[in-house]
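Engineer: So that you have it, the file is data_13.cif, and it contains mmCIF, C-alpha atoms:
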data_entry
loop_
_atom_site.label_atom_id
_atom_site.label_comp_id
_atom_site.auth_asym_id
_atom_site.auth_seq_id
_atom_site.Cartn_x
_atom_site.Cartn_y
_atom_site.Cartn_z
CA MET A 1 9.33 27.89 23.88
CA SER A 2 5.98 28.46 25.62
CA PHE A 3 4.27 25.70 27.54
CA LYS A 4 1.39 25.78 25.02
CA PHE A 5 3.67 25.13 22.04
CA TRP A 6 5.59 22.47 23.98
CA MET A 7 2.32 20.66 24.73
CA VAL A 8 1.26 20.83 21.06
CA GLY A 9 4.62 19.42 19.97
CA ALA A 10 4.51 16.64 22.56
CA LEU A 11 0.96 15.72 21.59
CA SER A 12 1.89 15.61 17.89
CA ALA A 13 4.85 13.34 18.62
CA THR A 14 2.68 11.07 20.77
CA LEU A 15 0.03 10.81 18.04
CA ALA A 16 2.68 10.04 15.43
CA LEU A 17 4.07 7.22 17.55
CA ALA A 18 0.60 5.89 18.29
CA ALA A 19 -0.28 5.98 14.60
CA GLN A 20 2.69 3.77 13.76
CA ALA A 21 2.33 1.24 16.59
CA SER A 22 2.51 -1.93 14.53
CA THR A 23 0.34 -5.02 14.63
CA PRO A 24 2.53 -8.10 14.05
CA ASN A 25 2.06 -9.75 10.65
CA THR A 26 0.95 -13.37 10.70
CA ASN A 27 1.60 -16.15 8.20
CA THR A 28 -1.67 -15.30 6.43
CA THR A 29 -2.22 -11.58 7.13
CA ILE A 30 -0.22 -8.43 6.36
CA TYR A 31 -1.02 -5.29 8.36
CA GLY A 32 -0.66 -1.80 6.91
CA ASP A 33 0.66 -0.29 10.12
CA ASN A 34 3.92 -2.20 9.52
CA PHE A 35 4.66 -0.39 6.24
CA GLY A 36 6.82 2.37 7.73
CA THR A 37 7.20 5.76 6.04
CA GLY A 38 9.25 4.81 2.98
CA SER A 39 7.97 4.35 -0.56
CA SER A 40 7.96 0.54 -0.46
CA TYR A 41 7.53 -2.34 1.97
CA SER A 42 8.40 -6.01 1.50
CA THR A 43 7.58 -9.02 3.64
CA THR A 44 7.22 -12.79 3.36
CA PHE A 45 4.12 -14.73 4.32
CA LEU A 46 2.23 -17.91 3.37
CA ASN A 47 5.36 -20.00 3.97
CA GLY A 48 7.50 -18.29 1.36
CA VAL A 49 5.41 -15.90 -0.78
CA THR A 50 7.08 -12.48 -1.06
CA ALA A 51 4.76 -9.48 -0.98
CA ASN A 52 5.98 -6.05 -2.09
CA PHE A 53 3.86 -2.92 -1.57
CA VAL A 54 4.57 0.49 -3.13
CA ALA A 55 3.02 3.93 -2.64
CA LYS A 56 2.25 6.17 -5.63
CA VAL A 57 0.77 9.58 -6.35
CA GLY A 58 -0.22 9.30 -9.97
CA GLY A 59 2.79 7.68 -11.61
CA ASN A 60 5.28 9.10 -9.12
CA ASP A 61 6.82 7.40 -6.11
CA ALA A 62 5.26 8.53 -2.84
CA ASN A 63 5.61 7.63 0.83
CA PHE A 64 3.43 5.60 3.13
CA SER A 65 1.92 7.83 5.81
CA PHE A 66 -0.24 7.53 8.90
CA LYS A 67 -2.82 9.43 10.90
CA PRO A 68 -4.15 8.45 14.33
CA GLY A 69 -6.45 5.45 14.10
CA GLN A 70 -10.09 5.44 15.14
CA GLY A 71 -12.12 2.87 17.01
CA GLY A 72 -8.95 0.92 17.80
CA PHE A 73 -8.10 0.34 14.11
CA GLN A 74 -4.94 1.64 12.43
CA GLY A 75 -4.29 1.70 8.70
CA VAL A 76 -1.79 3.10 6.22
CA GLY A 77 -2.23 5.85 3.65
CA VAL A 78 -0.16 7.72 1.06
CA SER A 79 1.55 11.12 0.98
CA PRO A 80 3.56 12.77 -1.80
CA LYS A 81 7.30 13.01 -1.31
CA ARG A 82 7.02 16.80 -1.68
CA GLY A 83 4.21 19.29 -1.32
CA SER A 84 0.92 19.26 0.54
CA GLU A 85 -2.18 17.14 0.13
CA ARG A 86 -5.82 17.11 1.19
CA THR A 87 -5.81 14.09 3.50
CA PRO A 88 -2.40 13.03 4.87
CA GLY A 89 -2.34 9.45 6.09
CA GLU A 90 -5.12 8.25 3.77
CA ILE A 91 -5.40 6.89 0.23
CA ASP A 92 -6.89 9.81 -1.66
CA ILE A 93 -8.08 10.17 -5.26
CA GLY A 94 -4.99 9.94 -7.47
CA GLU A 95 -3.05 8.01 -4.80
CA SER A 96 -2.57 4.26 -4.65
CA ILE A 97 -1.00 1.35 -2.80
CA THR A 98 -0.05 -1.59 -5.02
CA GLY A 99 0.80 -5.05 -3.72
CA SER A 100 2.70 -7.54 -5.90
CA PHE A 101 3.09 -11.20 -4.96
CA SER A 102 5.77 -13.67 -6.05
CA ALA A 103 3.12 -16.38 -6.55
CA GLY A 104 -0.60 -16.39 -7.21
CA ILE A 105 -2.56 -16.21 -3.96
CA LYS A 106 -6.21 -16.39 -3.02
CA ILE A 107 -7.18 -13.18 -1.24
CA THR A 108 -9.40 -14.35 1.60
CA SER A 109 -10.16 -10.81 2.80
CA PHE A 110 -8.99 -7.24 3.11
CA THR A 111 -9.90 -4.55 5.63
CA LEU A 112 -10.25 -0.82 4.99
CA GLY A 113 -10.66 1.98 7.51
CA LEU A 114 -11.95 5.56 7.59
CA LEU A 115 -14.40 4.86 4.75
CA PHE A 116 -17.55 6.87 5.51
CA ASP A 117 -21.10 7.02 4.21
CA GLY A 118 -21.51 10.78 4.04
CA GLY A 119 -21.92 13.58 6.55
CA GLU A 120 -19.07 12.63 8.89
CA TYR A 121 -16.16 15.06 8.62
CA HIS A 122 -17.97 16.68 5.65
CA ASP A 123 -17.62 13.47 3.62
CA VAL A 124 -19.69 12.14 0.73
CA ASN A 125 -20.58 8.47 0.28
CA GLU A 126 -16.95 7.41 -0.12
CA VAL A 127 -15.83 4.82 -2.67
CA ALA A 128 -12.70 2.66 -2.57
CA LYS A 129 -11.56 1.23 -5.92
CA VAL A 130 -9.77 -2.13 -5.80
CA LYS A 131 -8.06 -3.68 -8.83
CA ALA A 132 -6.90 -7.30 -8.89
CA PHE A 133 -4.73 -8.92 -11.57
CA TYR A 134 -5.66 -12.52 -12.33
CA GLU A 135 -6.30 -14.69 -15.40
CA GLY A 136 -3.95 -12.46 -17.37
CA ARG A 137 -5.79 -9.16 -16.95
CA TRP A 138 -6.93 -6.50 -14.51
CA HIS A 139 -10.36 -6.66 -12.87
CA SER A 140 -11.82 -3.57 -11.15
CA PHE A 141 -14.19 -3.47 -8.19
CA THR A 142 -15.56 -0.84 -5.80
CA LEU A 143 -16.52 -0.74 -2.14
CA LYS A 144 -18.99 2.05 -1.36
CA ALA A 145 -20.13 3.03 2.12
CA THR A 146 -23.93 3.28 1.95
CA GLY A 147 -24.86 3.42 5.64
CA THR A 148 -23.41 3.61 9.11
CA THR A 149 -22.89 -0.16 9.13
CA LEU A 150 -23.61 -0.95 5.45
CA ALA A 151 -21.39 -1.01 2.38
CA LEU A 152 -21.80 -2.28 -1.18
CA TRP A 153 -19.17 -4.40 -2.98
CA SER A 154 -19.48 -4.47 -6.76
CA GLY A 155 -18.28 -8.08 -7.07
CA VAL A 156 -20.26 -11.25 -6.37
CA GLY A 157 -19.98 -13.80 -3.59
CA ALA A 158 -18.23 -11.54 -1.08
CA THR A 159 -19.25 -10.98 2.53
CA ILE A 160 -18.95 -7.43 3.88
CA THR A 161 -18.67 -7.02 7.64
CA ASN A 162 -18.68 -3.70 9.44
CA LEU A 163 -16.08 -3.76 12.22
CA SER A 164 -16.56 -0.16 13.36
CA ALA A 165 -19.54 2.06 12.59
CA ALA A 166 -19.04 4.86 10.05
CA ALA A 167 -19.44 7.66 12.57
CA ASP A 168 -17.24 10.42 13.93
CA GLY A 169 -14.44 8.89 15.97
CA LEU A 170 -15.40 5.28 15.24
CA GLY A 171 -13.49 4.66 12.04
CA GLY A 172 -15.88 3.34 9.41
CA VAL A 173 -14.02 -0.01 9.18
CA TRP A 174 -15.06 -2.66 6.65
CA ASN A 175 -13.83 -6.20 6.06
CA VAL A 176 -14.49 -7.74 2.64
CA ALA A 177 -14.21 -11.54 2.74
CA ASN A 178 -13.82 -13.68 -0.40
CA PRO A 179 -13.64 -10.60 -2.68
CA PHE A 180 -12.41 -12.40 -5.82
CA GLY A 181 -13.65 -15.95 -5.28
CA ASP A 182 -11.05 -18.64 -5.91
CA LYS A 183 -9.01 -16.55 -8.36
CA LEU A 184 -5.25 -16.52 -7.86
CA VAL A 185 -4.19 -12.89 -7.62
CA SER A 186 -0.67 -11.70 -8.46
CA LYS A 187 -1.22 -7.93 -8.02
CA LEU A 188 -3.60 -5.81 -5.99
CA VAL A 189 -4.19 -2.03 -6.18
CA PHE A 190 -6.05 0.16 -3.68
CA THR A 191 -7.07 3.65 -4.81
CA ALA A 192 -10.08 5.99 -4.45
CA ILE A 193 -12.65 7.45 -6.84
CA GLU A 194 -15.25 10.19 -6.52
CA GLY A 195 -18.19 9.41 -4.28
CA ASP A 196 -21.60 11.07 -4.04
CA ALA A 197 -23.83 12.75 -1.50
CA ALA A 198 -26.63 10.22 -1.81
CA ARG A 199 -27.53 10.51 1.87
CA GLY A 200 -28.41 14.18 1.47
CA CYS A 201 -25.21 15.72 2.81
CA ARG A 202 -25.59 19.41 1.86
CA ASN A 203 -22.24 20.58 3.17
CA CYS A 204 -19.96 17.75 2.01
CA THR A 205 -16.54 19.04 0.99
CA ASN A 206 -14.36 15.92 1.23
CA GLN A 207 -14.12 13.30 -1.49
CA SER A 208 -13.27 9.61 -1.07
CA ASP A 209 -10.25 8.69 1.05
CA TYR A 210 -9.50 5.80 3.38
CA THR A 211 -6.75 3.65 4.93
CA LEU A 212 -5.57 0.10 4.20
CA ILE A 213 -5.64 -1.91 7.42
CA SER A 214 -4.84 -5.46 6.29
CA VAL A 215 -4.73 -8.05 3.51
CA SER A 216 -5.24 -11.76 4.22
CA ALA A 217 -4.63 -14.68 1.83
CA VAL A 218 -3.91 -18.37 1.35
CA PRO A 219 -1.32 -19.76 -1.09
CA GLU A 220 -2.03 -21.38 -4.45
CA PRO A 221 -2.90 -25.12 -4.32
CA GLU A 222 0.58 -26.15 -5.50
CA THR A 223 2.09 -24.42 -2.48
CA TYR A 224 -0.28 -26.31 -0.19
CA ALA A 225 0.76 -29.59 -1.84
CA LEU A 226 4.44 -28.82 -1.32
CA LEU A 227 3.79 -27.83 2.28
CA LEU A 228 1.88 -31.04 3.00
CA ALA A 229 4.57 -33.11 1.28
CA GLY A 230 7.22 -31.41 3.40
CA LEU A 231 5.26 -32.04 6.60
CA GLY A 232 4.81 -35.66 5.55
CA ALA A 233 8.53 -36.08 4.97
CA VAL A 234 9.31 -34.58 8.37
CA GLY A 235 6.82 -36.94 10.01
CA MET A 236 8.31 -40.00 8.29
CA ALA A 237 11.82 -39.01 9.30
CA ALA A 238 10.70 -38.58 12.90
CA ARG A 239 9.06 -42.02 12.92
CA ARG A 240 12.22 -43.65 11.50
CA ARG A 241 14.36 -42.06 14.18
CA LYS A 242 11.95 -43.30 16.84
CA GLN A 243 12.00 -46.86 15.46
CA GLN A 244 15.80 -46.93 15.36
CA ARG A 245 16.13 -46.14 19.05
#
What would the structure in this file look like if it were written as structure tokens?
Structural biologist:
Amino acid sequence: MSFKFWMVGALSATLALAAQASTPNTNTTIYGDNFGTGSSYSTTFLNGVTANFVAKVGGNDANFSFKPGQGGFQGVGVSPKRGSERTPGEIDIGESITGSFSAGIKITSFTLGLLFDGGEYHDVNEVAKVKAFYEGRWHSFTLKATGTTLALWSGVGATITNLSAAADGLGGVWNVANPFGDKLVSKLVFTAIEGDAARGCRNCTNQSDYTLISVSAVPEPETYALLLAGLGAVGMAARRRKQQR
């Protein structure tokens, strides 16, 4: 093996490891870089809510996949179990990541990466499609990158914050806070739809694709009540023990 090919192999292995360096989940936030490379990922957060995420290409099972992060942000994408694809390590058109929750939760925010506003990497104005299941039916929304630090959410009441400018090497990272108001969501789907070249990109060849960085939530009110009741019971028991000494 030549030194050149050895260096290429070593660099590829290093990038793969860097791409999957995980950020620890918290009690309120799930990070995509923990998903591994299987077709599903399960975890527990919010003091007992089970979250299960699955990767799909169309209606077929797929695998979670990764590419090196940009601007210090790392997300997860989707790859087919067999065959090639246009953008490994990203959620492309026809690909999806679906999260299902064992109880209704209020999504406080989610963060997406590598969503660009056109021109970078021969991209168009990219559009992420997000579907949320609440009140007995699906509701569809879009997040469209419209500028280097600007994006448009189709819902109302949300706050969009740019965490990394949509420029080569910087990631195009967007956080959408309060995306569905106070609705209790039981399922969440991230996919992509066709964008446009509204910013005058004459040589755009890529369509929409992006990574899922994180999902943050709080539990339904009943869960809060149970948690507070449990904390109260623990406090009373501690006081009794103290008085008996």
Engineer: Quick one: which residues end up in the PyMOL selection byres ((chain A and resi 93) around 6) for this structure, as a list in words?
Structural biologist: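 Selected by the PyMOL selection byres ((chain A and resi 93) around 6) in this file: Asp92, Gly94, Glu95, Ala192 and Ile193 of chain A.
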Engineer: Under the PyMOL selection byres ((chain A and resi 214) around 7), which residues of this model are included? Write them out as a PyMOL selection string.
Structural biologist: chain A and resi 29-32+110-111+212-213+215-216
Engineer: Neighbourhood query: residues within 9 Å of (-1.6, 2.7, -4.2), file coordinates, counting all atoms listed in the file; return as a short mmCIF file (atom, residue, chain, number, x, y, z; two decimals) with C-alpha atoms, in the frame of the given file.
Structural biologist:
data_model
loop_
_atom_site.label_atom_id
_atom_site.label_comp_id
_atom_site.auth_asym_id
_atom_site.auth_seq_id
_atom_site.Cartn_x
_atom_site.Cartn_y
_atom_site.Cartn_z
CA PHE A 53 3.86 -2.92 -1.57
CA VAL A 54 4.57 0.49 -3.13
CA ALA A 55 3.02 3.93 -2.64
CA LYS A 56 2.25 6.17 -5.63
CA VAL A 57 0.77 9.58 -6.35
CA GLY A 58 -0.22 9.30 -9.97
CA GLY A 77 -2.23 5.85 3.65
CA VAL A 78 -0.16 7.72 1.06
CA ILE A 91 -5.40 6.89 0.23
CA GLY A 94 -4.99 9.94 -7.47
CA GLU A 95 -3.05 8.01 -4.80
CA SER A 96 -2.57 4.26 -4.65
CA ILE A 97 -1.00 1.35 -2.80
CA THR A 98 -0.05 -1.59 -5.02
CA GLY A 99 0.80 -5.05 -3.72
CA LEU A 188 -3.60 -5.81 -5.99
CA VAL A 189 -4.19 -2.03 -6.18
CA PHE A 190 -6.05 0.16 -3.68
CA THR A 191 -7.07 3.65 -4.81
#
Engineer: Please write as JSON, numbers by chain the full residue list that the PyMOL selection byres ((chain A and resi 109) around 12) yields on this file.
Structural biologist: {"A": [28, 29, 30, 105, 106, 107, 108, 110, 111, 112, 158, 159, 160, 161, 174, 175, 176, 177, 178, 179, 180, 181, 182, 212, 213, 214, 215, 216, 217, 218]}
Engineer: Using only C-alpha atoms, can you tell me which of A:Asp61, A:Glu135, A:Glu194, A:Glu126 comes closest to Arg82 (chain A)?
Structural biologist: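 Ranked by minimum distance to Arg82 (chain A), first place goes to A:Asp61.
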Engineer: Enter the distance from CA of Asp168 (chain A) to CA of Arg202 (chain A), in Å, rounded to one decimal.
Structural biologist: 17.2 Å
Engineer: Kindly give the distance, in Å, that separates CA of Leu143 (chain A) and CA of Gly169 (chain A), rounded to a single decimal.
Structural biologist: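 Between CA of Leu143 (chain A) and CA of Gly169 (chain A) the gap works out to 20.6 Å.
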Engineer: Using only C-alpha atoms, which of A:Asp209, A:Asp196, A:Asp123, A:Asp117 sits nearest Arg86 (chain A)?
Structural biologist: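 Going through A:Asp209, A:Asp196, A:Asp123, A:Asp117 one by one, the smallest distance to Arg86 (chain A) is for A:Asp209.
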Engineer: Take CA of Val156 (chain A) and CA of Gln74 (chain A) and report the distance between them in Å, one decimal.
Structural biologist: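 Taking CA of Val156 (chain A) as the start and CA of Gln74 (chain A) as the end point, the length is 27.5 Å.
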Engineer: Would you list the residues near (-3.3, -15.9, -5.0) (no more than 6 Å away, in the coordinates of the file, using only C-alpha atoms) as a list in words?
Structural biologist: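 In the file's frame, the residues around the point are Gly104, Ile105, Lys106, Leu184, Val185, Pro219 and Glu220 of chain A.
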Engineer: Considering all atoms listed in the file, state which residue in the set A:Tyr134, A:Phe73, A:Phe64, A:Phe116 is at the smallest distance from Leu150 (chain A).
Structural biologist: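 Using all atoms listed in the file, the shortest distance to Leu150 (chain A) belongs to A:Phe116.
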Engineer: Have a look at A:Thr26, A:Ser79, A:Asn125, A:Asn63 and name the one nearest to Lys144 (chain A); count all atoms listed in the file.
Structural biologist: A:Asn125
Engineer: For Asn52 (chain A), which residue among A:Val124, A:Trp138, A:Pro88, A:Phe101 is the nearest when counting all atoms listed in the file?
Structural biologist: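 Counting all atoms listed in the file, the residue closest to Asn52 (chain A) is A:Phe101.
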Engineer: If we count all atoms listed in the file, what is near Tyr210 (chain A) at a cut-off of 6 Å, once residues fewer than 5 positions away on the same chain are taken out, given as a PDB file with C-alpha atoms, in the coordinates of the input?
Structural biologist:
ATOM      1  CA  GLU A  90      -5.120   8.250   3.770  1.00  0.00           C
ATOM      2  CA  ILE A  91      -5.400   6.890   0.230  1.00  0.00           C
ATOM      3  CA  GLY A 113     -10.660   1.980   7.510  1.00  0.00           C
ATOM      4  CA  LEU A 114     -11.950   5.560   7.590  1.00  0.00           C
ATOM      5  CA  LEU A 115     -14.400   4.860   4.750  1.00  0.00           C
TER       6      LEU A 115
END
Engineer: How big is the axis-aligned box, and where does its centre sit, when it encloses all atoms of region 177-195 of chain A listed in the file and has 3 Å added on every side, reported in Å to one decimal as JSON?
Structural biologist:
{"center_x": -9.4, "center_y": -4.2, "center_z": -2.9, "size_x": 23.5, "size_y": 34.8, "size_z": 17.2}
